Amino acid sequence: MSEGFSNVLVVDDEEPMRHMLELLLRRAGFEVVSVESGEQALAHLAEHSVDVVLSDVRMPGLGGLGLAERMSAEHPEVTLVMMSAFGTVDLALEAMQRGAYDYVSKPFKRDEVVLTLRKAEERLRLRRENAQLRARLAEFEGGVSVIGKLLIHSAPMRKLAATLRKVARFETTVLILGESGVGKELVCRALHELGPRSGGPFIALNCGAIPEGLLESELFGHAKGAFTDATRDKAGLFEAAEAGTLFLDEVGELPVSVQVKLLRALQEREVRRVGETDARPVDVRVVAATSRPLEEMVEASEFRRDLFYRLAVMPLSIPPLRERREDIAPLTADILEAINRRLGTTIEGLDAEALRILQTYDWPGNVRELENTLEHAAVLTEGALISPRSLPQRLHRERPGADAAPADDGKHFHLEFSIDDLSVKRAAHRIEHELISRALDQTGGNRTHAAKLLELSHRALLYKIKDYGVG
Ligand SMILES: Nc1ncnc2c1ncn2[C@@H]1O[C@H](COP(=O)(O)OP(=O)(O)OP(=O)(O)O)[C@@H](O)[C@H]1O
């Protein structure tokens with residue numbers, strides 16, 4: 001629970017109104033950021049931690065109603081307060097039916113907005129307290145509990161949750177270990193939420209997804225003119241995460257040159273923007289994660305030993321889903337609820353045989369693969385229950401004792417080439433395309449895992465996916 005002031009996101013297409021609200025709310029002690037559209041608000045919410053959104057109801061594009069709908073599906077934990085102008089009160093009321101908490105009518109008195117936000121803040125505080133109490137009770141009783149969006153049920157996950165609570169209070173660097181899709185980012189978010197920095201920003205970076213040449217400036221920022229595209233000064237993610245948490249996913253993908261700079265930033269607690277000589281102090285908790293065996297990379301001189309020791313002060317391992325199968329049923333219920341909200345489907349669950357298939361499959365892509373599988377099944381399902389027929393082929397294939405899959409023999413695939421086209425380049429492209437699509441299919445869209453099957457670097461795979469338009 002945040003000890004600091006609430007983070008408020010103001011959404012209004014009129015600049016003077018945004019400006020006035022920023023001043024007013026800052027003076028009342030809130031942390032304020034403002035954006036001019038519902039689309040921008042969603043982009044901000046995806047990257048930052050926000051407590052309350054104060055949004056105009058009538059705006060071009062997505063608008064207040066669209067925002068209310070998307071927020072209740074994607075960010076149900078964030079409180080939404082609408083602002084309505086003369087003649088749009090009916091819209092504000094409709095937004096409340098779609099999940100908004102309250103509204104204020106424009107023109108409003110200053111105190112009125114502040115008071116409404118204080119009320120929202122109080123409700124938020126009570127809700128968080130309540131959720132924490134329920135979570136502890138459930139953990140205690142061995143039921144299902146959540147920290148943020150992280151669902152906890154099995155014994156290994158309960159043990160992990162207990163460690164998270166202890167570790168969150170301290171500033172130690174944490175290294176989260178686990179296969180792809182196992183929940184490393186969610187665990188990091190939980191750590192952030194449980195600790196004293198929960199009122200600050202949470203910034204995540206997948207180190208494997210950024211071209212090598214841009215990584216340093218992305219992390220540490222750059223000065224205007226530092227390189228050709230640097231048309232203005234820019235803060236890096238370290239500075240953006242000030243007073244909060246910076247999550248470095250796939251830290252093993254960092255090139256050695258950036259590893260050196262990261263180590264210095266961690267040791268000195270300061271960063272130097274590319275092209276600047278002076279360092280800037282930063283107060284950031286860094287949590288790194290990896291699905292690759294960093295220790296082996298250290299032995300192979302691919303990862304700096306000193307950085308490894310610095311990051312791994314507190315290693316936390318998340319076991320793969322196949323080692324905690326008790327989590328599959330509650331995760332499935334949770335995921336289906338989210339899918340119903342997002343896609344407007346009305347799936348109630350799985351029939352007994354389909355659930356058995358989920359519980360016996362090995363889930364190489366872990367929870368992300370489970371999510372993709374359930375979405376695939378939800379789209380194909382006509383009734384209220386998902387049956388084995390709606391589950392993808394690979395789940396049937398890998399099930400011990402399953403019947404041989406029809407059509408495909410499950411072991412081979414064929415590509416046909418025309419004798420009229422003997423281009424090596426085109427043939428090589430087709431083969432690559434086919435192999436990448438199959439690897440992504442097999443891993444439920446999990447790119448890190450697919451890269452391993454393909455024996456490609458994560459970065460090379462991302463380029464190729466973009467090139468071929470697959471994924
Ligand atoms: N315990 C959990 N409860 C609820 N959702 C979960 C849980 N674990 C994972 N998920 C969901 O599975 C998906 C993958 O999780 P996340 O992105 O945290 O994994 P990751 O280990 O960081 O993956 P990668 O290494 O590939 O980036 C997310 O959509 C996340 O919400």
# chains A, B, ... in the order shown; residues from 1 in each chain; ligands from 1
>>> residues_near_ligand(ligand="ligand 1", cutoff="9 Å", atoms="only C-alpha atoms and all ligand atoms", output="VMD selection string")
chain A and resid 146 to 147 149 to 153 157 176 to 189 206 249 to 250 289 to 291 318 321 327 330 to 331 334 to 335 365 to 371 446 to 449
>>> select_by_dssp(residues="region 118-245 of chain A", states="strand (DSSP E)", output="list in words")
Ser145, Val146, Ile147, Leu150, Leu151, Ile152, Val174, Leu175, Ile176, Leu177, Phe202, Ile203, Ala204, Leu205, Asn206, Gly221, His222, Lys234, Ala235 and Thr245 of chain A
>>> write_last_selection(atoms="N, CA and C atoms", output="PDB file, in the first residue's frame")
ATOM      1  N   SER A 145      -4.984 -16.827  -3.375  1.00  0.00           N
ATOM      2  CA  SER A 145      -4.861 -15.422  -3.021  1.00  0.00           C
ATOM      3  C   SER A 145      -4.152 -14.689  -4.148  1.00  0.00           C
ATOM      4  N   VAL A 146      -4.176 -13.377  -4.114  1.00  0.00           N
ATOM      5  CA  VAL A 146      -3.472 -12.609  -5.145  1.00  0.00           C
ATOM      6  C   VAL A 146      -2.668 -11.481  -4.520  1.00  0.00           C
ATOM      7  N   ILE A 147      -1.521 -11.189  -5.146  1.00  0.00           N
ATOM      8  CA  ILE A 147      -0.798  -9.955  -4.817  1.00  0.00           C
ATOM      9  C   ILE A 147      -0.758  -9.202  -6.126  1.00  0.00           C
ATOM     10  N   LEU A 150      -0.851 -11.265  -9.364  1.00  0.00           N
ATOM     11  CA  LEU A 150      -0.171 -12.552  -9.217  1.00  0.00           C
ATOM     12  C   LEU A 150      -1.019 -13.498  -8.382  1.00  0.00           C
ATOM     13  N   LEU A 151      -1.467 -14.568  -9.018  1.00  0.00           N
ATOM     14  CA  LEU A 151      -2.314 -15.527  -8.309  1.00  0.00           C
ATOM     15  C   LEU A 151      -1.435 -16.550  -7.578  1.00  0.00           C
ATOM     16  N   ILE A 152      -1.802 -16.835  -6.336  1.00  0.00           N
ATOM     17  CA  ILE A 152      -0.983 -17.723  -5.517  1.00  0.00           C
ATOM     18  C   ILE A 152      -1.861 -18.829  -4.943  1.00  0.00           C
ATOM     19  N   VAL A 174      17.275  -7.820  -6.520  1.00  0.00           N
ATOM     20  CA  VAL A 174      16.679  -9.150  -6.605  1.00  0.00           C
ATOM     21  C   VAL A 174      16.864  -9.682  -8.024  1.00  0.00           C
ATOM     22  N   LEU A 175      17.175 -10.965  -8.133  1.00  0.00           N
ATOM     23  CA  LEU A 175      17.260 -11.597  -9.450  1.00  0.00           C
ATOM     24  C   LEU A 175      16.181 -12.671  -9.519  1.00  0.00           C
ATOM     25  N   ILE A 176      15.244 -12.500 -10.439  1.00  0.00           N
ATOM     26  CA  ILE A 176      14.148 -13.465 -10.554  1.00  0.00           C
ATOM     27  C   ILE A 176      14.499 -14.477 -11.643  1.00  0.00           C
ATOM     28  N   LEU A 177      14.453 -15.750 -11.259  1.00  0.00           N
ATOM     29  CA  LEU A 177      14.836 -16.809 -12.194  1.00  0.00           C
ATOM     30  C   LEU A 177      13.604 -17.621 -12.558  1.00  0.00           C
ATOM     31  N   PHE A 202       6.724   2.073 -11.738  1.00  0.00           N
ATOM     32  CA  PHE A 202       7.241   0.745 -12.049  1.00  0.00           C
ATOM     33  C   PHE A 202       7.551   0.739 -13.534  1.00  0.00           C
ATOM     34  N   ILE A 203       8.817   0.568 -13.866  1.00  0.00           N
ATOM     35  CA  ILE A 203       9.202   0.615 -15.283  1.00  0.00           C
ATOM     36  C   ILE A 203       9.826  -0.717 -15.660  1.00  0.00           C
ATOM     37  N   ALA A 204       9.335  -1.300 -16.777  1.00  0.00           N
ATOM     38  CA  ALA A 204       9.852  -2.595 -17.203  1.00  0.00           C
ATOM     39  C   ALA A 204      10.538  -2.473 -18.561  1.00  0.00           C
ATOM     40  N   LEU A 205      11.654  -3.165 -18.709  1.00  0.00           N
ATOM     41  CA  LEU A 205      12.339  -3.180 -20.006  1.00  0.00           C
ATOM     42  C   LEU A 205      12.730  -4.611 -20.325  1.00  0.00           C
ATOM     43  N   ASN A 206      12.367  -5.078 -21.533  1.00  0.00           N
ATOM     44  CA  ASN A 206      12.850  -6.372 -21.982  1.00  0.00           C
ATOM     45  C   ASN A 206      14.154  -6.128 -22.737  1.00  0.00           C
ATOM     46  N   GLY A 221      19.661   7.382 -20.937  1.00  0.00           N
ATOM     47  CA  GLY A 221      19.325   8.680 -21.528  1.00  0.00           C
ATOM     48  C   GLY A 221      20.457   9.201 -22.397  1.00  0.00           C
ATOM     49  N   HIS A 222      20.200  10.316 -23.054  1.00  0.00           N
ATOM     50  CA  HIS A 222      21.262  10.903 -23.886  1.00  0.00           C
ATOM     51  C   HIS A 222      21.106  12.417 -23.949  1.00  0.00           C
ATOM     52  N   LYS A 234      17.273  13.584 -23.563  1.00  0.00           N
ATOM     53  CA  LYS A 234      16.252  12.600 -23.181  1.00  0.00           C
ATOM     54  C   LYS A 234      16.701  11.843 -21.935  1.00  0.00           C
ATOM     55  N   ALA A 235      15.798  11.744 -20.969  1.00  0.00           N
ATOM     56  CA  ALA A 235      16.113  10.966 -19.762  1.00  0.00           C
ATOM     57  C   ALA A 235      15.971   9.487 -20.103  1.00  0.00           C
ATOM     58  N   THR A 245      10.697   1.343  -9.101  1.00  0.00           N
ATOM     59  CA  THR A 245      11.379   0.085  -9.407  1.00  0.00           C
ATOM     60  C   THR A 245      11.640  -0.017 -10.903  1.00  0.00           C
TER      61      THR A 245
END
>>> select_by_dssp(residues="region 19-246 of chain A", states="helix (DSSP H, G or I)", output="JSON, numbers by chain")
{"A": [19, 20, 21, 22, 23, 24, 25, 26, 27, 38, 39, 40, 41, 42, 43, 44, 45, 46, 47, 63, 64, 65, 66, 67, 68, 69, 70, 71, 72, 73, 74, 89, 90, 91, 92, 93, 94, 95, 96, 97, 110, 111, 112, 113, 114, 115, 116, 117, 118, 119, 120, 121, 122, 123, 124, 125, 126, 127, 128, 129, 130, 131, 132, 133, 134, 135, 136, 137, 138, 139, 140, 141, 155, 156, 157, 158, 159, 160, 161, 162, 163, 164, 165, 166, 167, 168, 184, 185, 186, 187, 188, 189, 190, 191, 192, 193, 194, 207, 208, 209, 212, 213, 214, 215, 216, 217, 218, 219, 220, 237, 238, 239, 240]}
>>> closest_residue(among="A:Ser37, A:Ser317, A:Thr381, A:Ser49", to="Gly199 (chain A)", atoms="only C-alpha atoms")
A:Ser49
>>> atom_distance(atom1="CA of Ala333 (chain A)", atom2="CA of Gly445 (chain A)")
20.9 Å
>>> atom_distance(atom1="CA of Val167 (chain A)", atom2="CA of Ser6 (chain A)")
23.8 Å
>>> residues_around(residues="Ile386 (chain A)", least_positions_apart="3", cutoff="9 Å", atoms="only C-alpha atoms", output="ChimeraX atom specification")
/A:347-351,354-355,374,377-378,380-383,389-391
>>> residues_around(residues="Ser457 (chain A)", least_positions_apart="3", cutoff="9 Å", atoms="only C-alpha atoms", output="PyMOL selection string")
chain A and resi 208+253+448+451-452+454+460-462
>>> write_last_selection(atoms="N, CA and C atoms", output="PDB file, in the first residue's frame")
ATOM      1  N   GLY A 208      16.102  -7.918 -24.284  1.00  0.00           N
ATOM      2  CA  GLY A 208      16.311  -8.616 -25.548  1.00  0.00           C
ATOM      3  C   GLY A 208      15.530  -8.008 -26.688  1.00  0.00           C
ATOM      4  N   GLU A 253      20.544 -10.819 -21.953  1.00  0.00           N
ATOM      5  CA  GLU A 253      20.674 -10.351 -23.338  1.00  0.00           C
ATOM      6  C   GLU A 253      21.471  -9.057 -23.448  1.00  0.00           C
ATOM      7  N   THR A 448      10.902 -16.116 -26.367  1.00  0.00           N
ATOM      8  CA  THR A 448      12.189 -16.530 -25.784  1.00  0.00           C
ATOM      9  C   THR A 448      12.362 -18.039 -25.939  1.00  0.00           C
ATOM     10  N   ALA A 451      12.896 -18.970 -29.569  1.00  0.00           N
ATOM     11  CA  ALA A 451      14.268 -18.686 -30.006  1.00  0.00           C
ATOM     12  C   ALA A 451      15.178 -19.865 -29.636  1.00  0.00           C
ATOM     13  N   LYS A 452      14.913 -20.450 -28.456  1.00  0.00           N
ATOM     14  CA  LYS A 452      15.743 -21.581 -28.029  1.00  0.00           C
ATOM     15  C   LYS A 452      15.556 -22.770 -28.970  1.00  0.00           C
ATOM     16  N   LEU A 454      14.647 -22.726 -31.993  1.00  0.00           N
ATOM     17  CA  LEU A 454      15.171 -22.406 -33.323  1.00  0.00           C
ATOM     18  C   LEU A 454      16.694 -22.244 -33.322  1.00  0.00           C
ATOM     19  N   ALA A 460      17.667 -11.894 -32.793  1.00  0.00           N
ATOM     20  CA  ALA A 460      17.562 -12.272 -34.214  1.00  0.00           C
ATOM     21  C   ALA A 460      16.129 -12.716 -34.508  1.00  0.00           C
ATOM     22  N   LEU A 461      15.534 -13.448 -33.569  1.00  0.00           N
ATOM     23  CA  LEU A 461      14.166 -13.919 -33.790  1.00  0.00           C
ATOM     24  C   LEU A 461      13.209 -12.736 -33.906  1.00  0.00           C
ATOM     25  N   LEU A 462      13.372 -11.745 -33.029  1.00  0.00           N
ATOM     26  CA  LEU A 462      12.462 -10.596 -33.066  1.00  0.00           C
ATOM     27  C   LEU A 462      12.554  -9.883 -34.415  1.00  0.00           C
TER      28      LEU A 462
END
>>> residues_around(residues="Ile357 (chain A)", least_positions_apart="3", cutoff="9 Å", atoms="only C-alpha atoms", output="list in words")
Ala352, Glu353, Ala354, Thr360, Tyr361, Pro388, Leu391, Leu395, His396 and Arg399 of chain A
>>> residues_around(residues="Phe227 (chain A)", least_positions_apart="4", cutoff="12 Å", atoms="only C-alpha atoms", output="list in words")
Gly213, Leu214, Ser217, Gly221, His222, Ala223, Thr231, Arg232, Asp233, Arg273, Val274, Gly275 and Glu276 of chain A
>>> write_last_selection(atoms="N, CA and C atoms", output="PDB file, in the first residue's frame")
ATOM      1  N   GLY A 213      22.279  -1.156 -30.287  1.00  0.00           N
ATOM      2  CA  GLY A 213      22.793   0.214 -30.359  1.00  0.00           C
ATOM      3  C   GLY A 213      21.976   1.209 -29.556  1.00  0.00           C
ATOM      4  N   LEU A 214      20.718   0.852 -29.247  1.00  0.00           N
ATOM      5  CA  LEU A 214      19.846   1.821 -28.555  1.00  0.00           C
ATOM      6  C   LEU A 214      19.765   1.572 -27.057  1.00  0.00           C
ATOM      7  N   SER A 217      21.283   4.253 -24.491  1.00  0.00           N
ATOM      8  CA  SER A 217      20.538   5.507 -24.376  1.00  0.00           C
ATOM      9  C   SER A 217      19.148   5.261 -23.779  1.00  0.00           C
ATOM     10  N   GLY A 221      19.661   7.382 -20.937  1.00  0.00           N
ATOM     11  CA  GLY A 221      19.325   8.680 -21.528  1.00  0.00           C
ATOM     12  C   GLY A 221      20.457   9.201 -22.397  1.00  0.00           C
ATOM     13  N   HIS A 222      20.200  10.316 -23.054  1.00  0.00           N
ATOM     14  CA  HIS A 222      21.262  10.903 -23.886  1.00  0.00           C
ATOM     15  C   HIS A 222      21.106  12.417 -23.949  1.00  0.00           C
ATOM     16  N   ALA A 223      22.218  13.054 -24.326  1.00  0.00           N
ATOM     17  CA  ALA A 223      22.197  14.511 -24.498  1.00  0.00           C
ATOM     18  C   ALA A 223      21.895  14.806 -25.963  1.00  0.00           C
ATOM     19  N   THR A 231      17.889  14.360 -31.247  1.00  0.00           N
ATOM     20  CA  THR A 231      17.548  15.752 -31.552  1.00  0.00           C
ATOM     21  C   THR A 231      17.227  16.557 -30.298  1.00  0.00           C
ATOM     22  N   ARG A 232      17.075  15.880 -29.168  1.00  0.00           N
ATOM     23  CA  ARG A 232      16.829  16.610 -27.923  1.00  0.00           C
ATOM     24  C   ARG A 232      17.376  15.796 -26.738  1.00  0.00           C
ATOM     25  N   ASP A 233      17.516  16.467 -25.600  1.00  0.00           N
ATOM     26  CA  ASP A 233      17.944  15.751 -24.397  1.00  0.00           C
ATOM     27  C   ASP A 233      16.871  14.744 -24.019  1.00  0.00           C
ATOM     28  N   ARG A 273      24.156  10.201 -18.765  1.00  0.00           N
ATOM     29  CA  ARG A 273      23.493  10.135 -20.066  1.00  0.00           C
ATOM     30  C   ARG A 273      24.556  10.064 -21.173  1.00  0.00           C
ATOM     31  N   VAL A 274      24.261   9.361 -22.268  1.00  0.00           N
ATOM     32  CA  VAL A 274      25.199   9.260 -23.383  1.00  0.00           C
ATOM     33  C   VAL A 274      25.481  10.676 -23.889  1.00  0.00           C
ATOM     34  N   GLY A 275      26.748  11.022 -24.001  1.00  0.00           N
ATOM     35  CA  GLY A 275      27.111  12.353 -24.511  1.00  0.00           C
ATOM     36  C   GLY A 275      27.244  13.396 -23.414  1.00  0.00           C
ATOM     37  N   GLU A 276      27.027  13.011 -22.141  1.00  0.00           N
ATOM     38  CA  GLU A 276      27.211  13.964 -21.040  1.00  0.00           C
ATOM     39  C   GLU A 276      28.401  13.528 -20.192  1.00  0.00           C
TER      40      GLU A 276
END
>>> residues_around(residues="Ala120 (chain A)", least_positions_apart="5", cutoff="8 Å", atoms="only C-alpha atoms", output="PyMOL selection string")
chain A and resi 52+79+101
>>> closest_residue(among="A:Phe303, A:Trp363, A:Tyr463, A:Tyr309", to="Val258 (chain A)", atoms="only C-alpha atoms")
A:Phe303
>>> closest_residue(among="A:Glu69, A:Asp306, A:Glu121, A:Glu77", to="Gly148 (chain A)", atoms="only C-alpha atoms")
A:Glu77
>>> closest_residue(among="A:Arg325, A:Arg27, A:Lys464, A:His429", to="Val114 (chain A)", atoms="only C-alpha atoms")
A:Arg27
>>> closest_residue(among="A:His44, A:Arg98, A:His75, A:Arg459", to="Pro255 (chain A)", atoms="only C-alpha atoms")
A:Arg459
